[in-house]
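This report concerns only the one structure given below.
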Amino acid sequence: MSVMSVPAPKRAVKTRRVKFNYTPATVTRHYADGDLILSHVTAILSAMFPEGEDFFVRSVRYYADRITDPELAEAVKGFTGQETMHGREHRALNERLQELGYPTRRVDRLVKFDLARVERRAPHMVQLAITAALEHYTATLAERLLSDENARARLGDSEVRKVLLWHALEESEHKAVAFDVYRAMGGTEKMRIRVMKVMTWSFIFGVTVHSILSLLADRATYNPVRLWRSIRLLPSSPFLGKEMVAAIKDYNRVGFHPNDHDNTELLDYWTKELFGEQGQLVGNLK
């Protein structure tokens, strides 16, 4: 399959230095509005982010000096800055989650081990394809969070919600960067789609297994009322609906580009909502 030619849109990828406050008052045990399962799944995702973000940065940086498009080169700098900040802030959050009983340190170690093995064995282009695939997952989850009021409501009103809104905005801003580097470096459609299919099973399997193990270590899981209440919420989860599945699968379409899903209005709204003059997170900027 040949690489499709898609004009690259303007990219505004800005690094924001932020700081959140993780205390017993701002991050409680089941912070996702008391939802047992969602609290554990979100904690597992947060535990995976730091090493994952570092891997993304390395896979893109490897090709940085070969990029001839000045606009893409500038976007890579912004991508690197944003992902570095995400990793730092999630490490701080993960320490608080560890204190609350979530296995964030264990998951972090396992992700680090797995990614080190990938970097030893896989060609750099495959590593970049992995990054592009997982960036599609994070961007799709991010845009669901930003566009669906129910999704935001399920996270409650803790500091975790603030972190995820900031993270979601920036994932949406740079969702095409790794993809565009992959194409610019000659990555093929065949490899891109094949890697995505492998990463889909790997990602879902990893999150599911770690979440189940985390739940089994939580005494609240053995309260049938609490557990059943959380299970009943799963079918209506905005993160598991048909739209989410369709958006993820669209990556496997020949000729797909992340910007086929236009998020301009969403970014305009949330940039102002979070970082405008009266933005929710203006006070978190360093």
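Naming scheme: A, B, ... for chains in displayed order of the structure tokens; residues 1 onward per chain; ligands 1 onward as shown.
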ask   = DSSP on the backbone: what in range 108-275 of chain A comes out helix (DSSP H, G or I), as a ChimeraX atom specification?
value = /A:108-121,124-147,149-153,159-173,177-184,189-216,219-222,224-236,242-252,258-260,264-275
request  = Extract, using only C-alpha atoms, all DNA, RNA and protein residues at most 12 Å from Arg29 in chain A, discarding same-chain residues fewer than 3 positions from it, and format them as number ranges by chain.
outcome  = A: 23-26, 32-40, 43, 96-102, 158, 160, 218-220
task = Write out as a PyMOL selection string each polymer residue whose atoms come within 10 Å of Ala132 in chain A, counting only C-alpha atoms; drop sequence neighbours fewer than 3 positions from it.
result = chain A and resi 56+59-60+126-129+135-137+175-182+192+195-196+251+258
Restricting it to C-alpha atoms, dump the selection as a tab-separated table (two decimals), in the first residue's frame.
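Generated output (again.tsv):
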chain	number	residue	atom	x	y	z
A	56	PHE	CA	6.33	8.30	22.43
A	59	SER	CA	10.16	7.32	18.99
A	60	VAL	CA	9.38	10.72	17.45
A	126	VAL	CA	7.67	0.07	14.03
A	127	GLN	CA	8.17	1.98	17.27
A	128	LEU	CA	6.90	5.12	15.54
A	129	ALA	CA	3.90	3.16	14.19
A	135	GLU	CA	-1.86	8.32	20.11
A	136	HIS	CA	-5.05	7.56	18.20
A	137	TYR	CA	-6.40	5.72	21.24
A	175	LYS	CA	-3.10	13.97	17.80
A	176	ALA	CA	-1.67	14.12	14.26
A	177	VAL	CA	1.99	14.84	15.06
A	178	ALA	CA	3.36	11.29	15.44
A	179	PHE	CA	1.17	10.19	12.53
A	180	ASP	CA	2.56	12.93	10.28
A	181	VAL	CA	6.14	12.10	11.26
A	182	TYR	CA	5.42	8.45	10.42
A	192	ARG	CA	0.46	1.27	10.14
A	195	VAL	CA	0.60	-2.42	14.04
A	196	MET	CA	-2.72	-0.86	15.08
A	251	TYR	CA	-7.72	4.17	11.98
A	258	PRO	CA	-6.33	11.93	12.38
inquiry  = Just the number, please: distance in Å from CA of Arg109 in chain A to CA of Ala139 in chain A, one decimal.
reply    =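 Straight-line distance from CA of Arg109 in chain A to CA of Ala139 in chain A works out to 24.1 Å.
Comparing the minimum interatomic distances between His86 in chain A and each of A:Lys242, A:Arg106, A:Arg16, A:Lys197, counting only C-alpha atoms, we find that A:Arg16 sits nearest.
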Å distance separating CA of Glu51 in chain A from CA of Lys112 in chain A, one decimal place =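 So the answer is 5.7 Å.
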Give me, as an mmCIF file with N, CA and C atoms, in the first residue's frame, all polymer residues having an atom no more than 12 Å from Glu53 in chain A, counting only C-alpha atoms and skipping those fewer than 4 positions away in the same chain.
data_model
loop_
_atom_site.group_PDB
_atom_site.id
_atom_site.type_symbol
_atom_site.label_atom_id
_atom_site.label_comp_id
_atom_site.auth_asym_id
_atom_site.auth_seq_id
_atom_site.Cartn_x
_atom_site.Cartn_y
_atom_site.Cartn_z
ATOM 1 N N LEU A 45 -4.803 3.516 33.717
ATOM 2 C CA LEU A 45 -4.381 4.317 32.570
ATOM 3 C C LEU A 45 -3.357 5.369 32.986
ATOM 4 N N SER A 46 -3.617 6.017 34.117
ATOM 5 C CA SER A 46 -2.671 7.020 34.616
ATOM 6 C C SER A 46 -1.318 6.389 34.908
ATOM 7 N N ALA A 47 -1.331 5.168 35.442
ATOM 8 C CA ALA A 47 -0.081 4.472 35.745
ATOM 9 C C ALA A 47 0.698 4.137 34.480
ATOM 10 N N MET A 48 -0.014 3.909 33.384
ATOM 11 C CA MET A 48 0.638 3.572 32.120
ATOM 12 C C MET A 48 1.203 4.788 31.398
ATOM 13 N N PHE A 49 0.665 5.955 31.688
ATOM 14 C CA PHE A 49 1.023 7.143 30.921
ATOM 15 C C PHE A 49 2.500 7.548 30.995
ATOM 16 N N VAL A 57 7.859 10.075 23.025
ATOM 17 C CA VAL A 57 8.812 11.148 22.761
ATOM 18 C C VAL A 57 10.073 10.596 22.089
ATOM 19 N N ARG A 58 10.587 9.490 22.611
ATOM 20 C CA ARG A 58 11.809 8.913 22.025
ATOM 21 C C ARG A 58 11.575 8.450 20.590
ATOM 22 N N SER A 59 10.416 7.846 20.330
ATOM 23 C CA SER A 59 10.158 7.318 18.988
ATOM 24 C C SER A 59 10.049 8.440 17.962
ATOM 25 N N VAL A 60 9.497 9.582 18.361
ATOM 26 C CA VAL A 60 9.377 10.720 17.447
ATOM 27 C C VAL A 60 10.700 11.473 17.327
ATOM 28 N N PHE A 79 4.933 18.810 20.683
ATOM 29 C CA PHE A 79 4.552 17.450 21.074
ATOM 30 C C PHE A 79 5.450 16.937 22.199
ATOM 31 N N THR A 80 6.752 17.136 22.020
ATOM 32 C CA THR A 80 7.715 16.693 23.031
ATOM 33 C C THR A 80 7.486 17.393 24.356
ATOM 34 N N GLY A 81 7.266 18.696 24.313
ATOM 35 C CA GLY A 81 7.021 19.446 25.536
ATOM 36 C C GLY A 81 5.753 19.017 26.232
ATOM 37 N N GLN A 82 4.685 18.837 25.466
ATOM 38 C CA GLN A 82 3.417 18.425 26.074
ATOM 39 C C GLN A 82 3.520 17.037 26.687
ATOM 40 N N GLU A 83 4.088 16.093 25.945
ATOM 41 C CA GLU A 83 4.171 14.726 26.457
ATOM 42 C C GLU A 83 5.076 14.645 27.688
ATOM 43 N N THR A 84 6.125 15.428 27.704
ATOM 44 C CA THR A 84 7.011 15.450 28.875
ATOM 45 C C THR A 84 6.261 15.953 30.102
ATOM 46 N N MET A 85 5.470 17.010 29.935
ATOM 47 C CA MET A 85 4.679 17.530 31.049
ATOM 48 C C MET A 85 3.622 16.523 31.499
ATOM 49 N N HIS A 86 3.021 15.817 30.563
ATOM 50 C CA HIS A 86 2.030 14.801 30.922
ATOM 51 C C HIS A 86 2.668 13.733 31.801
ATOM 52 N N GLY A 87 3.840 13.275 31.389
ATOM 53 C CA GLY A 87 4.524 12.250 32.164
ATOM 54 C C GLY A 87 4.839 12.715 33.574
ATOM 55 N N ARG A 88 5.342 13.937 33.700
ATOM 56 C CA ARG A 88 5.699 14.467 35.020
ATOM 57 C C ARG A 88 4.478 14.579 35.925
ATOM 58 N N GLU A 89 3.390 15.111 35.381
ATOM 59 C CA GLU A 89 2.212 15.333 36.220
ATOM 60 C C GLU A 89 1.533 14.023 36.591
ATOM 61 N N HIS A 90 1.518 13.069 35.679
ATOM 62 C CA HIS A 90 0.918 11.777 36.019
ATOM 63 C C HIS A 90 1.772 11.010 37.023
ATOM 64 N N ARG A 91 3.068 11.201 37.011
ATOM 65 C CA ARG A 91 3.891 10.561 38.037
ATOM 66 C C ARG A 91 3.514 11.085 39.418
ATOM 67 N N ASP A 108 3.603 0.771 36.475
ATOM 68 C CA ASP A 108 4.657 1.599 35.879
ATOM 69 C C ASP A 108 5.898 0.762 35.577
ATOM 70 N N VAL A 111 5.165 -1.634 32.587
ATOM 71 C CA VAL A 111 5.131 -0.906 31.310
ATOM 72 C C VAL A 111 6.546 -0.547 30.876
ATOM 73 N N LYS A 112 7.359 -0.114 31.830
ATOM 74 C CA LYS A 112 8.751 0.226 31.518
ATOM 75 C C LYS A 112 9.501 -0.984 30.981
ATOM 76 N N LEU A 115 8.168 -1.857 27.363
ATOM 77 C CA LEU A 115 8.599 -0.906 26.343
ATOM 78 C C LEU A 115 10.101 -1.000 26.083
ATOM 79 N N ILE A 130 3.790 2.266 16.453
ATOM 80 C CA ILE A 130 3.147 1.991 17.752
ATOM 81 C C ILE A 130 2.704 3.297 18.394
ATOM 82 N N THR A 131 3.584 4.294 18.351
ATOM 83 C CA THR A 131 3.253 5.602 18.924
ATOM 84 C C THR A 131 2.042 6.207 18.225
ATOM 85 N N ALA A 132 2.026 6.184 16.903
ATOM 86 C CA ALA A 132 0.900 6.743 16.151
ATOM 87 C C ALA A 132 -0.401 6.026 16.492
ATOM 88 N N LEU A 134 -1.161 4.294 19.351
ATOM 89 C CA LEU A 134 -1.595 4.585 20.717
ATOM 90 C C LEU A 134 -2.012 6.043 20.883
ATOM 91 N N GLU A 135 -1.416 6.927 20.099
ATOM 92 C CA GLU A 135 -1.857 8.320 20.113
ATOM 93 C C GLU A 135 -3.298 8.429 19.600
ATOM 94 N N THR A 138 -5.459 7.487 22.628
ATOM 95 C CA THR A 138 -5.551 8.543 23.640
ATOM 96 C C THR A 138 -6.338 9.737 23.122
ATOM 97 N N HIS A 167 -4.999 17.075 30.084
ATOM 98 C CA HIS A 167 -4.349 16.053 29.260
ATOM 99 C C HIS A 167 -5.139 15.830 27.969
ATOM 100 N N GLU A 171 -3.802 16.208 24.164
ATOM 101 C CA GLU A 171 -3.795 15.032 23.291
ATOM 102 C C GLU A 171 -4.543 15.337 21.997
ATOM 103 N N ALA A 178 2.630 12.544 15.649
ATOM 104 C CA ALA A 178 3.359 11.291 15.438
ATOM 105 C C ALA A 178 2.949 10.646 14.120
#
task = Please indicate the distance in Å from CA of Lys286 in chain A to CA of Leu145 in chain A, rounded to one decimal place.
result = 24.4 Å
key: Residue nearest Arg154 in chain A - candidates A:Thr264, A:Phe20, A:Lys77, A:Ser237, atoms counted: only C-alpha atoms   =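 Distance minimum relative to Arg154 in chain A lands on A:Ser237.
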key: Nearby residues (only C-alpha atoms) at most 12 Å from Tyr269 in chain A, same-chain spacing under 4 positions excluded, as JSON, numbers by chain   = {"A": [146, 147, 169, 263, 264, 265, 273, 274, 275, 276, 279]}
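Nearest-residue note for Ala168 in chain A: choosing from A:Ala247, A:Ala217, A:Leu267, A:Ile212, the minimum distance belongs to A:Leu267, counting only C-alpha atoms.
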ask   = Nearest to Leu72 in chain A among A:Arg183, A:Arg105, A:Arg144, A:Lys190, with distances taken over only C-alpha atoms: which residue is it?
value =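 Once distances to Leu72 in chain A are computed over only C-alpha atoms, the minimum belongs to A:Arg183.
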ask   = Smallest atom-to-atom distance to Arg17 in chain A: which of A:Asn252, A:Asn284, A:Ser214, A:Thr200, using only C-alpha atoms?
value =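 For Arg17 in chain A, the nearest of the candidates is A:Asn284.
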